[in-house]
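Structure, as structure tokens:
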Amino acid sequence: MSERGALRTRLDLLAREVAKFGVVGAVGLLVNILVFNLLRHTTDLQVVRASVLATFVAILCNYVGFRYWTYRDRDKSGRTRELTLFLLFSAAGAVIENGVLYLATYGFDWNTPVQSNVFKILGIGIATLFRFWSYRSWVFKTLPDRALPAEEAALPAERFLEQRRPTETVEPDPVRN
């Protein structure tokens, strides 16, 4: 496979991964916003507490989607480690997400239902960037043999060998000269 073909393959795989991550994330977003608004309008919970509970319901929903659809082909040997890291990075994402809402609500007194939803969604957007990076880098790691196609792994070695080969010198043909 050519270097250009290998790059295209990797970009195609990344595009599929981003799309699947986005679908699972969209479902999680809906769950998060629905639970948040349900808690906000049917209970006496404060805005950020309702948001934190909604975030953790969405995190559980997302784990199922990521493990069994987005990253189903990834290493499954260390489920305890995977779940621990997922919860750790999800908690960090929850701090980012709800920190934005907290700042808007208590720092700027933006507490209407519309403002709360706007800042909840803004926080989710910022936290999503962190979560995508951390999940693909640390939680749902690629299998070692799938990390780099064999042809792509061999390209640097082949280039090195080509540079090291003695260049053939062609002696001029005495008959033709």
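Chains: A, B, ... in order of the structure tokens. Residues: from 1 per chain. Ligands: from 1, in order shown.
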
How close does each residue of range 61-143 of chain A get to range 23-36 of chain A, giving the shortest atom pair and distance in Å to one decimal for every residue with an atom at most 12 Å away, counting only C-alpha atoms, sorted by chain and residue number, as a Markdown table?
```
| residue | atom | partner | partner_atom | distance |
| --- | --- | --- | --- | --- |
| A:Cys61 | CA | A:Gly28 | CA | 6.4 |
| A:Asn62 | CA | A:Gly28 | CA | 5.7 |
| A:Tyr63 | CA | A:Val24 | CA | 9.0 |
| A:Val64 | CA | A:Val24 | CA | 9.1 |
| A:Gly65 | CA | A:Val24 | CA | 5.7 |
| A:Phe66 | CA | A:Val24 | CA | 6.8 |
| A:Arg67 | CA | A:Val24 | CA | 10.4 |
| A:Tyr68 | CA | A:Val24 | CA | 10.5 |
| A:Trp69 | CA | A:Val24 | CA | 8.5 |
| A:Thr70 | CA | A:Val24 | CA | 7.7 |
| A:Tyr71 | CA | A:Val24 | CA | 10.9 |
| A:Ala94 | CA | A:Asn32 | CA | 11.2 |
| A:Glu97 | CA | A:Asn32 | CA | 11.2 |
| A:Asn98 | CA | A:Phe36 | CA | 11.6 |
| A:Leu101 | CA | A:Phe36 | CA | 12.0 |
| A:Pro113 | CA | A:Phe36 | CA | 10.6 |
| A:Val114 | CA | A:Ile33 | CA | 11.9 |
| A:Ser116 | CA | A:Phe36 | CA | 9.8 |
| A:Asn117 | CA | A:Ile33 | CA | 7.7 |
| A:Val118 | CA | A:Ile33 | CA | 10.4 |
| A:Phe119 | CA | A:Ile33 | CA | 11.3 |
| A:Lys120 | CA | A:Ile33 | CA | 8.1 |
| A:Ile121 | CA | A:Ile33 | CA | 8.1 |
| A:Leu122 | CA | A:Leu29 | CA | 11.3 |
| A:Gly123 | CA | A:Leu29 | CA | 11.2 |
| A:Ile124 | CA | A:Leu29 | CA | 7.8 |
| A:Gly125 | CA | A:Leu29 | CA | 9.6 |
| A:Ala127 | CA | A:Gly25 | CA | 11.1 |
| A:Thr128 | CA | A:Gly25 | CA | 8.1 |
| A:Leu129 | CA | A:Gly25 | CA | 11.0 |
| A:Arg131 | CA | A:Gly25 | CA | 10.1 |
| A:Phe132 | CA | A:Gly25 | CA | 9.7 |
```

Fill in: Separation of CA of Phe89 in chain A from CA of Ser51 in chain A, in Å and rounded to one decimal
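Atom-to-atom, CA of Phe89 in chain A and CA of Ser51 in chain A are spaced 17.3 Å apart.
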
Item to complete: Find the residue from A:Ile126, A:Tyr102, A:Gln115, A:Arg74 that sits nearest to Val139 in chain A; use only C-alpha atoms when measuring.
Response: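 Of all the options, A:Arg74 lies closest to Val139 in chain A.
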
Worksheet entry | Coordinates-based distance that separates CA of Gly93 in chain A from CA of Leu60 in chain A (Å, one decimal) |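 Going from CA of Leu60 in chain A over to CA of Gly93 in chain A, I get 13.3 Å.
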
Item to complete: Rank A:Gly5, A:Ala50, A:Arg10, A:Lys141 by their smallest atom-to-atom distance to Lys76 in chain A, using only C-alpha atoms, and report the top residue only.
Response: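 Looking at the shortest contact to Lys76 in chain A, the residue is A:Lys141.
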
Item to complete: May I ask which of the residues A:Gly107, A:Trp138, A:Thr43, A:Trp133 is the closest one to Val18 in chain A, counting only C-alpha atoms?
Response: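 Of A:Gly107, A:Trp138, A:Thr43, A:Trp133, the one nearest Val18 in chain A, counting only C-alpha atoms, is A:Trp133.
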